[in-house]
$ cat run_12.pdb   # PDB, C-alpha atoms and all ligand atoms
MODEL        1
ATOM      1  CA  MET A 427      61.630 -22.698  27.161  1.00  0.00           C
ATOM      2  CA  ASP A 428      60.651 -23.018  23.524  1.00  0.00           C
ATOM      3  CA  VAL A 429      61.419 -20.037  21.355  1.00  0.00           C
ATOM      4  CA  PHE A 430      58.954 -21.146  18.704  1.00  0.00           C
ATOM      5  CA  ASP A 431      55.300 -21.970  19.011  1.00  0.00           C
ATOM      6  CA  LYS A 432      54.410 -25.610  18.484  1.00  0.00           C
ATOM      7  CA  GLU A 433      53.405 -25.387  14.855  1.00  0.00           C
ATOM      8  CA  LYS A 434      56.398 -23.343  13.743  1.00  0.00           C
ATOM      9  CA  ARG A 435      58.684 -25.589  15.735  1.00  0.00           C
ATOM     10  CA  SER A 436      57.502 -28.832  14.186  1.00  0.00           C
ATOM     11  CA  TRP A 437      57.764 -27.215  10.777  1.00  0.00           C
ATOM     12  CA  ILE A 438      61.348 -26.138  11.428  1.00  0.00           C
ATOM     13  CA  MET A 439      62.196 -29.588  12.754  1.00  0.00           C
ATOM     14  CA  SER A 440      60.860 -31.103   9.549  1.00  0.00           C
ATOM     15  CA  GLN A 441      63.308 -28.827   7.705  1.00  0.00           C
ATOM     16  CA  ILE A 442      66.225 -29.902   9.867  1.00  0.00           C
ATOM     17  CA  LYS A 443      65.652 -33.641   9.681  1.00  0.00           C
ATOM     18  CA  GLY A 444      66.343 -33.408   5.987  1.00  0.00           C
ATOM     19  CA  LYS A 445      66.056 -36.932   4.735  1.00  0.00           C
ATOM     20  CA  ASP A 446      62.862 -38.034   3.002  1.00  0.00           C
ATOM     21  CA  THR A 447      60.901 -34.945   3.871  1.00  0.00           C
ATOM     22  CA  LYS A 448      57.593 -34.701   2.107  1.00  0.00           C
ATOM     23  CA  PRO A 449      58.564 -32.419  -0.825  1.00  0.00           C
ATOM     24  CA  GLU A 450      61.378 -34.834  -1.709  1.00  0.00           C
ATOM     25  CA  ILE A 451      58.994 -37.780  -1.788  1.00  0.00           C
ATOM     26  CA  ILE A 452      56.638 -35.877  -4.090  1.00  0.00           C
ATOM     27  CA  VAL A 453      59.385 -34.834  -6.498  1.00  0.00           C
ATOM     28  CA  ARG A 454      60.897 -38.338  -6.534  1.00  0.00           C
ATOM     29  CA  SER A 455      57.568 -39.937  -7.348  1.00  0.00           C
ATOM     30  CA  ILE A 456      57.016 -37.472 -10.221  1.00  0.00           C
ATOM     31  CA  VAL A 457      60.470 -38.201 -11.631  1.00  0.00           C
ATOM     32  CA  HIS A 458      59.955 -41.920 -11.153  1.00  0.00           C
ATOM     33  CA  ARG A 459      56.644 -41.836 -13.015  1.00  0.00           C
ATOM     34  CA  MET A 460      58.367 -40.018 -15.873  1.00  0.00           C
ATOM     35  CA  GLY A 461      60.521 -43.111 -16.178  1.00  0.00           C
ATOM     36  CA  TYR A 462      63.859 -41.662 -15.137  1.00  0.00           C
ATOM     37  CA  ARG A 463      66.273 -43.678 -13.079  1.00  0.00           C
ATOM     38  CA  PHE A 464      68.019 -41.813 -10.334  1.00  0.00           C
ATOM     39  CA  ARG A 465      70.067 -42.086  -7.175  1.00  0.00           C
ATOM     40  CA  LYS A 466      69.150 -40.240  -4.037  1.00  0.00           C
ATOM     41  CA  ASN A 467      71.263 -38.388  -1.467  1.00  0.00           C
ATOM     42  CA  LYS A 468      74.596 -38.978  -3.178  1.00  0.00           C
ATOM     43  CA  THR A 469      76.991 -38.293  -0.354  1.00  0.00           C
ATOM     44  CA  ASP A 470      80.083 -38.177  -2.554  1.00  0.00           C
ATOM     45  CA  LEU A 471      78.854 -35.080  -4.398  1.00  0.00           C
ATOM     46  CA  PRO A 472      78.990 -31.500  -3.053  1.00  0.00           C
ATOM     47  CA  GLY A 473      75.796 -30.661  -1.169  1.00  0.00           C
ATOM     48  CA  LYS A 474      74.556 -34.279  -1.171  1.00  0.00           C
ATOM     49  CA  PRO A 475      72.082 -33.733  -4.019  1.00  0.00           C
ATOM     50  CA  ASP A 476      68.576 -35.070  -3.418  1.00  0.00           C
ATOM     51  CA  ILE A 477      68.199 -36.613  -6.868  1.00  0.00           C
ATOM     52  CA  VAL A 478      71.048 -37.539  -9.210  1.00  0.00           C
ATOM     53  CA  PHE A 479      70.622 -38.628 -12.849  1.00  0.00           C
ATOM     54  CA  LYS A 480      74.048 -39.977 -13.573  1.00  0.00           C
ATOM     55  CA  ARG A 481      73.401 -40.850 -17.202  1.00  0.00           C
ATOM     56  CA  HIS A 482      71.987 -37.400 -17.918  1.00  0.00           C
ATOM     57  CA  ASN A 483      74.540 -35.526 -15.825  1.00  0.00           C
ATOM     58  CA  LYS A 484      71.685 -33.810 -14.049  1.00  0.00           C
ATOM     59  CA  ILE A 485      70.905 -33.043 -10.468  1.00  0.00           C
ATOM     60  CA  ILE A 486      67.805 -31.890  -8.654  1.00  0.00           C
ATOM     61  CA  PHE A 487      67.958 -30.202  -5.288  1.00  0.00           C
ATOM     62  CA  ILE A 488      64.802 -29.844  -3.262  1.00  0.00           C
ATOM     63  CA  HIS A 489      65.242 -26.899  -0.952  1.00  0.00           C
ATOM     64  CA  GLY A 490      63.222 -26.056   2.130  1.00  0.00           C
ATOM     65  CA  CYS A 491      62.336 -22.366   1.854  1.00  0.00           C
ATOM     66  CA  PHE A 492      63.230 -21.420   5.401  1.00  0.00           C
ATOM     67  CA  TRP A 493      66.369 -23.485   5.729  1.00  0.00           C
ATOM     68  CA  HIS A 494      67.824 -22.478   2.370  1.00  0.00           C
ATOM     69  CA  GLY A 495      66.689 -18.846   2.534  1.00  0.00           C
ATOM     70  CA  HIS A 496      64.263 -18.663  -0.385  1.00  0.00           C
ATOM     71  CA  LYS A 497      64.060 -14.953  -1.175  1.00  0.00           C
ATOM     72  CA  LYS A 498      60.692 -13.186  -1.001  1.00  0.00           C
ATOM     73  CA  CYS A 499      58.978 -16.406  -0.074  1.00  0.00           C
ATOM     74  CA  LYS A 500      56.035 -16.687   2.302  1.00  0.00           C
ATOM     75  CA  LYS A 501      57.366 -19.913   3.744  1.00  0.00           C
ATOM     76  CA  ASN A 502      60.644 -18.241   4.556  1.00  0.00           C
ATOM     77  CA  ILE A 503      59.289 -16.829   7.810  1.00  0.00           C
ATOM     78  CA  ASN A 504      61.527 -14.908  10.111  1.00  0.00           C
ATOM     79  CA  PRO A 505      61.598 -16.315  13.618  1.00  0.00           C
ATOM     80  CA  THR A 506      61.026 -13.455  16.045  1.00  0.00           C
ATOM     81  CA  ASN A 507      63.321 -14.927  18.667  1.00  0.00           C
ATOM     82  CA  ASN A 508      66.979 -15.664  18.170  1.00  0.00           C
ATOM     83  CA  LYS A 509      66.738 -13.604  14.997  1.00  0.00           C
ATOM     84  CA  ILE A 510      70.468 -13.035  14.659  1.00  0.00           C
ATOM     85  CA  PHE A 511      71.271 -16.710  15.221  1.00  0.00           C
ATOM     86  CA  TRP A 512      68.856 -17.803  12.506  1.00  0.00           C
ATOM     87  CA  GLU A 513      69.899 -15.082  10.089  1.00  0.00           C
ATOM     88  CA  LYS A 514      73.538 -16.104  10.406  1.00  0.00           C
ATOM     89  CA  LYS A 515      72.624 -19.767  10.041  1.00  0.00           C
ATOM     90  CA  ILE A 516      70.506 -19.195   6.937  1.00  0.00           C
ATOM     91  CA  ILE A 517      73.074 -16.891   5.322  1.00  0.00           C
ATOM     92  CA  SER A 518      75.745 -19.552   5.771  1.00  0.00           C
ATOM     93  CA  ASN A 519      73.393 -22.154   4.284  1.00  0.00           C
ATOM     94  CA  VAL A 520      72.742 -19.950   1.246  1.00  0.00           C
ATOM     95  CA  GLU A 521      76.475 -19.386   0.770  1.00  0.00           C
ATOM     96  CA  ARG A 522      77.195 -23.100   1.093  1.00  0.00           C
ATOM     97  CA  ASP A 523      74.465 -23.862  -1.463  1.00  0.00           C
ATOM     98  CA  LYS A 524      76.035 -21.380  -3.888  1.00  0.00           C
ATOM     99  CA  ARG A 525      79.483 -22.909  -3.442  1.00  0.00           C
ATOM    100  CA  ASN A 526      78.109 -26.406  -4.050  1.00  0.00           C
ATOM    101  CA  VAL A 527      76.339 -25.327  -7.243  1.00  0.00           C
ATOM    102  CA  ILE A 528      79.560 -23.776  -8.552  1.00  0.00           C
ATOM    103  CA  LEU A 529      81.516 -26.954  -7.748  1.00  0.00           C
ATOM    104  CA  LEU A 530      78.926 -29.210  -9.375  1.00  0.00           C
ATOM    105  CA  LYS A 531      78.731 -27.049 -12.503  1.00  0.00           C
ATOM    106  CA  LYS A 532      82.516 -27.215 -12.793  1.00  0.00           C
ATOM    107  CA  GLN A 533      82.181 -31.013 -12.744  1.00  0.00           C
ATOM    108  CA  GLY A 534      79.735 -30.775 -15.644  1.00  0.00           C
ATOM    109  CA  TRP A 535      76.447 -31.266 -13.819  1.00  0.00           C
ATOM    110  CA  LYS A 536      73.264 -29.455 -14.818  1.00  0.00           C
ATOM    111  CA  ILE A 537      71.302 -28.340 -11.815  1.00  0.00           C
ATOM    112  CA  LEU A 538      67.663 -27.714 -11.059  1.00  0.00           C
ATOM    113  CA  ILE A 539      66.624 -26.296  -7.721  1.00  0.00           C
ATOM    114  CA  ILE A 540      63.058 -26.929  -6.656  1.00  0.00           C
ATOM    115  CA  TRP A 541      61.783 -24.885  -3.746  1.00  0.00           C
ATOM    116  CA  GLU A 542      59.403 -26.378  -1.248  1.00  0.00           C
ATOM    117  CA  CYS A 543      56.785 -23.716  -2.074  1.00  0.00           C
ATOM    118  CA  GLN A 544      56.816 -24.765  -5.749  1.00  0.00           C
ATOM    119  CA  ILE A 545      55.549 -28.233  -4.823  1.00  0.00           C
ATOM    120  CA  LYS A 546      52.009 -26.939  -4.349  1.00  0.00           C
ATOM    121  CA  ASP A 547      51.384 -26.483  -8.076  1.00  0.00           C
ATOM    122  CA  LEU A 548      51.945 -30.018  -9.340  1.00  0.00           C
ATOM    123  CA  ASP A 549      51.259 -29.289 -13.010  1.00  0.00           C
ATOM    124  CA  LYS A 550      53.752 -26.462 -13.038  1.00  0.00           C
ATOM    125  CA  LEU A 551      56.220 -28.634 -11.180  1.00  0.00           C
ATOM    126  CA  LYS A 552      55.896 -31.487 -13.687  1.00  0.00           C
ATOM    127  CA  THR A 553      56.446 -29.077 -16.581  1.00  0.00           C
ATOM    128  CA  LYS A 554      59.486 -27.644 -14.855  1.00  0.00           C
ATOM    129  CA  ILE A 555      60.997 -31.073 -14.308  1.00  0.00           C
ATOM    130  CA  SER A 556      60.292 -32.377 -17.794  1.00  0.00           C
ATOM    131  CA  ASP A 557      61.726 -29.148 -19.312  1.00  0.00           C
ATOM    132  CA  PHE A 558      64.849 -29.642 -17.256  1.00  0.00           C
ATOM    133  CA  MET A 559      65.184 -33.302 -18.241  1.00  0.00           C
ATOM    134  CA  THR A 560      64.618 -32.789 -21.973  1.00  0.00           C
ATOM    135  CA  ASN A 561      66.370 -29.448 -22.567  1.00  0.00           C
ATOM    136  CA  PHE A 562      70.059 -28.435 -22.350  1.00  0.00           C
TER     137      PHE A 562
HETATM  138 ZN    ZN A 601      59.732 -20.667  -1.215  1.00  0.00          ZN
ENDMDL
END

$ encode --input "run_12.pdb" --output "structure tokens"
Amino acid sequence: MDVFDKEKRSWIMSQIKGKDTKPEIIVRSIVHRMGYRFRKNKTDLPGKPDIVFKRHNKIIFIHGCFWHGHKKCKKNINPTNNKIFWEKKIISNVERDKRNVILLKKQGWKILIIWECQIKDLDKLKTKISDFMTNF
């Protein structure tokens, strides 16, 4: 028996699949249009960053709000069933994310985390990305 209703389930599955989920495609196309060259899903770096700008020493992570435990976020819904399982899972994801950021920073990378819910406001998102790419 399914613990989630259909809609919630397909949404969660889209979080789990990981590669080339919609928010990543949107962010990549913005970055691409800005004229930056990047690599995607670099498996030799901690956390397999979604977008890597080697020349700039910069990394963008695109995080699903549920899967990566975005605090106080509407998309970070609490499943009513298997609550403890999911809470444990999400907490370990958040801790792993934190560890990866620390490791990457030690290696000299600058990091921007874009949350799935921030994709809705494209203007704001573009400003955020261009600030990240031009500052530091
Ligand atoms: Zn969020």

$ residues_near_ligand --input "run_12.pdb" --ligand "ligand ZN 601 (chain A)" --cutoff "6 Å" --atoms "only C-alpha atoms and all ligand atoms" --output "NGL selection string"
:A and (491 or 496 or 499 or 501 or 541-543)

$ closest_residue --input "run_12.pdb" --among "A:Lys434, A:Leu538, A:Met460, A:Asp547" --to "Lys484 in chain A" --atoms "only C-alpha atoms"
A:Leu538

$ residues_around --input "run_12.pdb" --residues "Arg454 in chain A" --least-positions-apart "4" --cutoff "8 Å" --atoms "all atoms listed in the file" --output "list in words"
Glu450, His458 and Ile477 of chain A

$ resolve_selection --input "run_12.pdb" --expression "the PyMOL selection byres (((chain A and resi 465) around 7) and not hetatm)" --output "ChimeraX atom specification"
/A:464,466-468,477-479

$ atom_distance --input "run_12.pdb" --atom1 "CA of Lys550 in chain A" --atom2 "CA of Pro475 in chain A"
21.7 Å

$ resolve_selection --input "run_12.pdb" --expression "the PyMOL selection byres (((chain A and resi 520) around 12) and not hetatm)" --output "PyMOL selection string"
chain A and resi 473+489-497+513-519+521-527

$ residues_near_point --input "run_12.pdb" --point "(72.1, -37.8, -21.4)" --cutoff "10 Å" --atoms "only C-alpha atoms" --output "list in words"
Phe479, Lys480, Arg481, His482, Asn483, Lys484, Met559, Thr560 and Phe562 of chain A

$ residues_near_point --input "run_12.pdb" --point "(65.7, -28.5, -9.4)" --cutoff "6 Å" --atoms "all atoms listed in the file" --output "ChimeraX atom specification"
/A:486-487,538-540

$ atom_distance --input "run_12.pdb" --atom1 "CA of Pro472 in chain A" --atom2 "CA of Lys532 in chain A"
11.2 Å

$ decode --input "run_12.pdb" --residues "range 445-474 of chain A" --atoms "N, CA, C and O atoms" --output "mmCIF file, in the first residue's frame"
data_model
loop_
_atom_site.group_PDB
_atom_site.id
_atom_site.type_symbol
_atom_site.label_atom_id
_atom_site.label_comp_id
_atom_site.auth_asym_id
_atom_site.auth_seq_id
_atom_site.Cartn_x
_atom_site.Cartn_y
_atom_site.Cartn_z
ATOM 1 N N LYS A 445 18.907 13.389 -10.981
ATOM 2 C CA LYS A 445 19.569 13.952 -12.146
ATOM 3 C C LYS A 445 18.601 14.654 -13.101
ATOM 4 O O LYS A 445 17.567 14.118 -13.441
ATOM 5 N N ASP A 446 19.028 15.858 -13.522
ATOM 6 C CA ASP A 446 18.263 16.627 -14.503
ATOM 7 C C ASP A 446 16.808 16.835 -14.103
ATOM 8 O O ASP A 446 15.905 16.723 -14.916
ATOM 9 N N THR A 447 16.588 17.103 -12.843
ATOM 10 C CA THR A 447 15.249 17.492 -12.427
ATOM 11 C C THR A 447 15.015 18.911 -12.917
ATOM 12 O O THR A 447 15.949 19.636 -13.215
ATOM 13 N N LYS A 448 13.789 19.301 -12.967
ATOM 14 C CA LYS A 448 13.428 20.562 -13.599
ATOM 15 C C LYS A 448 14.183 21.791 -13.050
ATOM 16 O O LYS A 448 14.711 22.557 -13.856
ATOM 17 N N PRO A 449 14.236 21.986 -11.732
ATOM 18 C CA PRO A 449 14.946 23.183 -11.238
ATOM 19 C C PRO A 449 16.387 23.253 -11.740
ATOM 20 O O PRO A 449 16.879 24.335 -12.059
ATOM 21 N N GLU A 450 17.041 22.108 -11.864
ATOM 22 C CA GLU A 450 18.427 22.104 -12.355
ATOM 23 C C GLU A 450 18.501 22.577 -13.796
ATOM 24 O O GLU A 450 19.421 23.300 -14.166
ATOM 25 N N ILE A 451 17.548 22.143 -14.608
ATOM 26 C CA ILE A 451 17.530 22.556 -16.011
ATOM 27 C C ILE A 451 17.346 24.069 -16.112
ATOM 28 O O ILE A 451 18.024 24.735 -16.903
ATOM 29 N N ILE A 452 16.457 24.606 -15.282
ATOM 30 C CA ILE A 452 16.199 26.050 -15.305
ATOM 31 C C ILE A 452 17.452 26.824 -14.909
ATOM 32 O O ILE A 452 17.868 27.754 -15.603
ATOM 33 N N VAL A 453 18.071 26.420 -13.815
ATOM 34 C CA VAL A 453 19.270 27.126 -13.344
ATOM 35 C C VAL A 453 20.399 27.018 -14.370
ATOM 36 O O VAL A 453 21.067 28.010 -14.673
ATOM 37 N N ARG A 454 20.579 25.828 -14.936
ATOM 38 C CA ARG A 454 21.639 25.650 -15.947
ATOM 39 C C ARG A 454 21.420 26.534 -17.166
ATOM 40 O O ARG A 454 22.356 27.094 -17.705
ATOM 41 N N SER A 455 20.162 26.664 -17.588
ATOM 42 C CA SER A 455 19.922 27.479 -18.777
ATOM 43 C C SER A 455 20.154 28.960 -18.471
ATOM 44 O O SER A 455 20.640 29.699 -19.331
ATOM 45 N N ILE A 456 19.851 29.389 -17.247
ATOM 46 C CA ILE A 456 20.135 30.780 -16.856
ATOM 47 C C ILE A 456 21.648 31.031 -16.896
ATOM 48 O O ILE A 456 22.122 31.994 -17.496
ATOM 49 N N VAL A 457 22.388 30.133 -16.267
ATOM 50 C CA VAL A 457 23.842 30.261 -16.195
ATOM 51 C C VAL A 457 24.458 30.236 -17.599
ATOM 52 O O VAL A 457 25.345 31.014 -17.920
ATOM 53 N N HIS A 458 23.927 29.351 -18.420
ATOM 54 C CA HIS A 458 24.405 29.208 -19.787
ATOM 55 C C HIS A 458 24.199 30.502 -20.574
ATOM 56 O O HIS A 458 25.081 30.974 -21.276
ATOM 57 N N ARG A 459 22.996 31.084 -20.405
ATOM 58 C CA ARG A 459 22.684 32.326 -21.111
ATOM 59 C C ARG A 459 23.542 33.485 -20.631
ATOM 60 O O ARG A 459 23.759 34.459 -21.341
ATOM 61 N N MET A 460 24.018 33.398 -19.393
ATOM 62 C CA MET A 460 24.914 34.435 -18.870
ATOM 63 C C MET A 460 26.312 34.297 -19.472
ATOM 64 O O MET A 460 27.164 35.165 -19.281
ATOM 65 N N GLY A 461 26.529 33.187 -20.150
ATOM 66 C CA GLY A 461 27.797 32.997 -20.849
ATOM 67 C C GLY A 461 28.875 32.275 -20.049
ATOM 68 O O GLY A 461 30.039 32.266 -20.433
ATOM 69 N N TYR A 462 28.470 31.662 -18.944
ATOM 70 C CA TYR A 462 29.455 30.933 -18.145
ATOM 71 C C TYR A 462 29.556 29.482 -18.604
ATOM 72 O O TYR A 462 28.551 28.851 -18.921
ATOM 73 N N ARG A 463 30.785 29.004 -18.629
ATOM 74 C CA ARG A 463 30.993 27.598 -18.941
ATOM 75 C C ARG A 463 31.043 26.815 -17.641
ATOM 76 O O ARG A 463 31.625 27.257 -16.672
ATOM 77 N N PHE A 464 30.426 25.666 -17.660
ATOM 78 C CA PHE A 464 30.382 24.885 -16.425
ATOM 79 C C PHE A 464 30.355 23.401 -16.720
ATOM 80 O O PHE A 464 30.105 22.973 -17.838
ATOM 81 N N ARG A 465 30.650 22.623 -15.681
ATOM 82 C CA ARG A 465 30.499 21.177 -15.729
ATOM 83 C C ARG A 465 29.342 20.811 -14.838
ATOM 84 O O ARG A 465 29.052 21.512 -13.877
ATOM 85 N N LYS A 466 28.658 19.726 -15.170
ATOM 86 C CA LYS A 466 27.571 19.325 -14.281
ATOM 87 C C LYS A 466 27.834 17.972 -13.625
ATOM 88 O O LYS A 466 28.541 17.134 -14.182
ATOM 89 N N ASN A 467 27.240 17.832 -12.414
ATOM 90 C CA ASN A 467 27.344 16.595 -11.638
ATOM 91 C C ASN A 467 28.765 16.039 -11.587
ATOM 92 O O ASN A 467 29.032 14.922 -12.011
ATOM 93 N N LYS A 468 29.675 16.852 -11.063
ATOM 94 C CA LYS A 468 31.063 16.422 -10.911
ATOM 95 C C LYS A 468 31.149 15.386 -9.802
ATOM 96 O O LYS A 468 31.025 15.704 -8.622
ATOM 97 N N THR A 469 31.366 14.151 -10.196
ATOM 98 C CA THR A 469 31.314 13.071 -9.211
ATOM 99 C C THR A 469 32.567 12.980 -8.350
ATOM 100 O O THR A 469 32.568 12.301 -7.338
ATOM 101 N N ASP A 470 33.639 13.677 -8.758
ATOM 102 C CA ASP A 470 34.857 13.594 -7.953
ATOM 103 C C ASP A 470 34.907 14.664 -6.864
ATOM 104 O O ASP A 470 35.875 14.768 -6.128
ATOM 105 N N LEU A 471 33.858 15.464 -6.742
ATOM 106 C CA LEU A 471 33.801 16.464 -5.685
ATOM 107 C C LEU A 471 32.764 16.059 -4.628
ATOM 108 O O LEU A 471 31.765 15.421 -4.965
ATOM 109 N N PRO A 472 33.016 16.442 -3.360
ATOM 110 C CA PRO A 472 32.057 16.087 -2.299
ATOM 111 C C PRO A 472 30.651 16.593 -2.629
ATOM 112 O O PRO A 472 30.490 17.739 -3.029
ATOM 113 N N GLY A 473 29.672 15.726 -2.517
ATOM 114 C CA GLY A 473 28.280 16.106 -2.736
ATOM 115 C C GLY A 473 27.874 16.165 -4.198
ATOM 116 O O GLY A 473 26.758 16.546 -4.515
ATOM 117 N N LYS A 474 28.766 15.774 -5.107
ATOM 118 C CA LYS A 474 28.476 15.818 -6.545
ATOM 119 C C LYS A 474 27.742 17.101 -6.947
ATOM 120 O O LYS A 474 26.572 17.081 -7.315
#
